[in-house]
Number of protein chains: 2
Amino acid sequence: MPVISHRGSLMPPSPIRKLVPYADAAKKKGTKVYHLNIGQPDIVTPQAILDAVRHTDMKVLEYSPSPGFESYRKKLVEYYKRNDINVTSNQIIVTTGGSEAIMFAIMSCLDPGDEIIIPEPFYANYNGFSTSSGVKVVPIPSGIETGFALPPIEQFEKAVTTRTKAVMICNPNNPTGYLYSASELNVLREICLKHDLFLFSDEAYREFCYDGSKHISALSLEGLEDHAILLDTISKRYSACGGRIGAFVTRNQAVLDAAMKFAQARLSPPSFAQILGEAAVDLPADYFNEVHAEYTLRRDVLVKRLNAIPGVKCPTPGGAFYAIAQLPVDNAEKFCQWLLESFSHNGATVMMAPAAGFYATPGKGKNEVRLAYVLNSNDINAAMDCLEAALKVYKS
Amino acid sequence: MPVISHRGSLMPPSPIRKLVPYADAAKKKGTKVYHLNIGQPDIVTPQAILDAVRHTDMKVLEYSPSPGFESYRKKLVEYYKRNDINVTSNQIIVTTGGSEAIMFAIMSCLDPGDEIIIPEPFYANYNGFSTSSGVKVVPIPSGIETGFALPPIEQFEKAVTTRTKAVMICNPNNPTGYLYSASELNVLREICLKHDLFLFSDEAYREFCYDGSKHISALSLEGLEDHAILLDTISKRYSACGGRIGAFVTRNQAVLDAAMKFAQARLSPPSFAQILGEAAVDLPADYFNEVHAEYTLRRDVLVKRLNAIPGVKCPTPGGAFYAIAQLPVDNAEKFCQWLLESFSHNGATVMMAPAAGFYATPGKGKNEVRLAYVLNSNDINAAMDCLEAALKVYKS
């Protein structure tokens with residue numbers, strides 16, 4: 001019998017899916033499960049952009065060009081311009097979700113054995129894509145004590161080796177919700193310039209910044225024209241996760257040329273959702289205002305409820321729709337499993353993602369969970385009722 | 001300035017796109033270009049399956065499950081059963097085009113430095129995906145003299161090393177149109193069993209078999225239950241290339257488990273086109289009869305016209321919608337470029353893919369071209385008028 005590859009064995013399973021069988025079993029027993037575990041927003045996809053797909057009158061569902069439809073890339077130029085990011089349509093490659101943009105960045109810039117520095121906790125799939133490409137993730141610590149601020153520059157300096165090729169951030173951050181400040185981004189700018197590193201900036205949650213803070217794109221950082229690569233997706237922005245449309249954006253021509261070869265090998269990104277993405281750029285400006293107000297409300301409810309529970313600590317996230325909370329338990333994974341297997345409150349329970357899966361350093365985040373506030377505030381309140389009741393009876 | 005990766009440099013550019021700038025220039029001059037260079041069918045996508053997408057009433061365009069919608073995978077089980085392939089829905093992972101299925105197979109089964117044997121000429125992107133994964137393609141020769149039949153078993157034996165992990169075929173073949181016989185597949189069966197190799201079988205053109213021949217899937221080969229991996233796509237079958245929906249199918253549980261981790265890392269395949277793919281399984285049986293009759297006509301016209309040109313030789317392909325022809329020129333790439341740059345006949349010219357790009361061995365296929373018969377027979381006749389006139393005046 002032929003055997004699978006080492007990389008197939010090494011590939012980490014998705015940490016947020018480990019508990020899915022327990023959730024399924026809970027539902028089978030009739031327990032309602034509040035899903036705060038995954039970043040699948042419940043916000044309805046704007047009718048106008050779904051209609052754009054419904055009203056296409058194509059005769060042949062053809063391959064689009066490998067970098068995406070030109071009309072869509074031109075629209076994206078408009079979108080980025082509105083966000084103070086000045087790029088041309090030739091500096092954009094439309095990708096199959098943000099996932100493919102991440103892969104193109106890793107493959108175009110790093111070789112097997114090369115290292116990428118990522119502040120932890122981080123989006124778990126960065127690890128997956130690095131493993132599949134033979135690249136080593138070097139985590140540097142950010143912690144709940146500082147609200148997950150960017151680690152100081154000395155931490156980066158300590159982590160840089162001859163194999164370091166890139167630094168990667170998610171801004172605002174999944175899983176922490178942290179929004180990087182201008183001065184933090186300047187630290188990244190300095191370290192990338194000094195050591196000639198690429199800066200991969202995952203800005204999937206650009207529109208989700210709260211309390212009047214402004215998002216700063218890596219592509220706006222001066223002097224980083226050849227270093228910065230923006231990784232983007234329409235998934236969260238327009239509640240269009242199933243479309244699988246993202247973007248890879250850089251001004252570095254050599255990187256674009258390399259990424260285009262990977263793009264050509266896979267032929268093209270999906271056509272239908274490009275039509276949706278193109279229509280999305282023309283959504284009225286107040287679309288985000290409503291979405292923004294809704295997420296602000298949810299965040300406020302969630303963080304307030306969490307911090308009101310004895311022993312629970314949750315820094316207020318400045319962006320995205322995630323928060324990490326420290327719980328008064330020894331092992332958050334066991335607690336999350338117990339919530340699904342053995343607990344219910346008013347016929348319901350809550351599903352959260354154990355945060356250890358977002359740390360690369362073993363043992364870190366063991367008593368933390370990630371919560372995605374993708375449910376309406378009533379449901380969040382009900383979920384917090386469950387959590388509060390559960391912590392009263394749970395014995396670590 | 002940071003530099004790109006070696007794999008980014010090594011990644012081969014798409015051979016079929018090299019001549020695109022010349023075609024664009026020809027069109028700018030007002031010359032009509034008959035595109036026989038790419039496998040983008042002109043056949044209209046069935047209205048019923050486009051309508052399935054138009055009539056969806058989803059509220060939220062959600063992620064589908066990583067292996068694809070269960071309803072679609074169950075429909076695919078029906079489809080495969082009709083094609084004498086018995087699998088369960090859990091043995092199918094829906095992929096983003098056939099491209100992703102190829103990638104999952106390579107990543108799940110081969111490590112950097114491992115070798116995969118592929119009869120040449122072969123689909124050029126196999127090379128791209130192998131390069132991006134650090135895998136070495138070991139070509140074994142098939143040639144126009146034998147109509148691109150499978151090389152004899154001795155050629156495989158000679159190519160096997162301790163690093164050989166898989167054999168890959170495309171059946172019916174792109175770029176040759178060759179349809180493998182039962183006895184040829186038995187050769188593959190023997191070699192895979194003897195040396196414990198995976199068999200990757202790209203069956204994108206399953207329905208396109210002519211002259212009453214029957215397609216035999218690698219998944220139907222006895223004793224290869226743990227070796228065979230079927231790589232599939234709806235792109236050509238339903239003229240739905242832009243949907244980007246394919247499938248990775250195997251009975252080997254360890255391979256499925258590995259591939260699922262790669263599938264989870266990229267979250268999900270595109271939702272819209274899965275709806276289209278699901279509807280496609282319910283198309284009336286006579287849909288393929290019409291398509292089949294049309295492609296048979298085109299093939300017959302193309303092959304007859306080619307072989308009637310002095311010095312041109314084209315074996316009759318048994319499947320797919322490609323043919324390779326030998327031309328009376330020294331260098332087919334130069335000739336193809338000249339056709340676009342310097343030639344027209346009745347205001348038109350023809351674009352073909354130089355076949356050298358489909359061979360891994362340098363120098364092979366230099367006087368050959370691949371023609372995709374994806375145009376109607378009138379256009380094919382007009383394109384052949386161009387080629388015939390061109391060869392009369394072209395001086396190698």
# chains A, B, ... in the order shown; residues from 1 in each chain; ligands from 1
call {"tool": "interface_residues", "arguments": {"of": "chain A", "to": "chain B", "cutoff": "6 Å", "atoms": "only C-alpha atoms", "output": "number ranges by chain"}}
result
A: 1-2, 4-5, 8, 13, 44-45, 54, 59-63, 99, 108-111, 125, 128, 196-197, 240-244, 258, 261, 265-266, 270-271
call {"tool": "closest_residue", "arguments": {"among": "A:Asp286, A:Glu278, A:Glu203, A:Asp379", "to": "A:Val33", "atoms": "only C-alpha atoms"}}
result
A:Asp379
call {"tool": "closest_residue", "arguments": {"among": "A:Val312, A:Leu276, A:Ile234, A:Ala323", "to": "A:Gly177", "atoms": "only C-alpha atoms"}}
result
A:Ala323
call {"tool": "residues_around", "arguments": {"residues": "A:Ala293", "least_positions_apart": "3", "cutoff": "12 Å", "atoms": "only C-alpha atoms", "output": "short mmCIF file (atom, residue, chain, number, x, y, z; two decimals) with N, CA and C atoms, in the first residue's frame"}}
result
data_model
loop_
_atom_site.label_atom_id
_atom_site.label_comp_id
_atom_site.auth_asym_id
_atom_site.auth_seq_id
_atom_site.Cartn_x
_atom_site.Cartn_y
_atom_site.Cartn_z
N GLU A 207 -12.76 47.00 7.17
CA GLU A 207 -13.90 47.86 7.50
C GLU A 207 -14.35 47.73 8.96
N PHE A 208 -13.84 46.71 9.63
CA PHE A 208 -14.33 46.45 10.98
C PHE A 208 -13.38 47.04 12.03
N CYS A 209 -13.39 48.37 12.12
CA CYS A 209 -12.58 49.08 13.11
C CYS A 209 -13.54 49.92 13.95
N TYR A 210 -13.35 49.89 15.26
CA TYR A 210 -14.34 50.51 16.14
C TYR A 210 -13.79 51.73 16.86
N ASP A 211 -14.68 52.42 17.55
CA ASP A 211 -14.31 53.55 18.42
C ASP A 211 -13.63 54.67 17.63
N GLY A 212 -14.00 54.81 16.36
CA GLY A 212 -13.46 55.90 15.56
C GLY A 212 -12.04 55.71 15.06
N ASP A 286 -23.52 53.79 2.92
CA ASP A 286 -24.13 53.53 4.22
C ASP A 286 -24.28 52.03 4.51
N TYR A 287 -23.96 51.19 3.52
CA TYR A 287 -24.02 49.75 3.79
C TYR A 287 -23.13 49.41 4.99
N PHE A 288 -21.91 49.92 4.96
CA PHE A 288 -20.99 49.59 6.05
C PHE A 288 -21.40 50.25 7.36
N ASN A 289 -22.04 51.41 7.28
CA ASN A 289 -22.47 52.08 8.50
C ASN A 289 -23.38 51.17 9.33
N GLU A 290 -24.33 50.55 8.65
CA GLU A 290 -25.27 49.67 9.36
C GLU A 290 -24.55 48.46 9.93
N THR A 296 -20.58 46.80 16.38
CA THR A 296 -20.18 47.55 17.58
C THR A 296 -21.07 47.15 18.76
N LEU A 297 -22.37 47.07 18.48
CA LEU A 297 -23.33 46.66 19.52
C LEU A 297 -22.98 45.27 20.04
N ARG A 298 -22.74 44.35 19.13
CA ARG A 298 -22.43 42.97 19.52
C ARG A 298 -21.15 42.91 20.36
N ARG A 299 -20.16 43.62 19.89
CA ARG A 299 -18.89 43.62 20.63
C ARG A 299 -19.11 44.13 22.05
N ASP A 300 -19.84 45.25 22.14
CA ASP A 300 -20.03 45.85 23.45
C ASP A 300 -20.78 44.91 24.39
N ASN A 376 -26.53 37.79 16.59
CA ASN A 376 -27.15 39.04 17.05
C ASN A 376 -27.05 39.16 18.57
N SER A 377 -27.29 40.36 19.08
CA SER A 377 -26.99 40.61 20.49
C SER A 377 -27.90 39.81 21.44
#
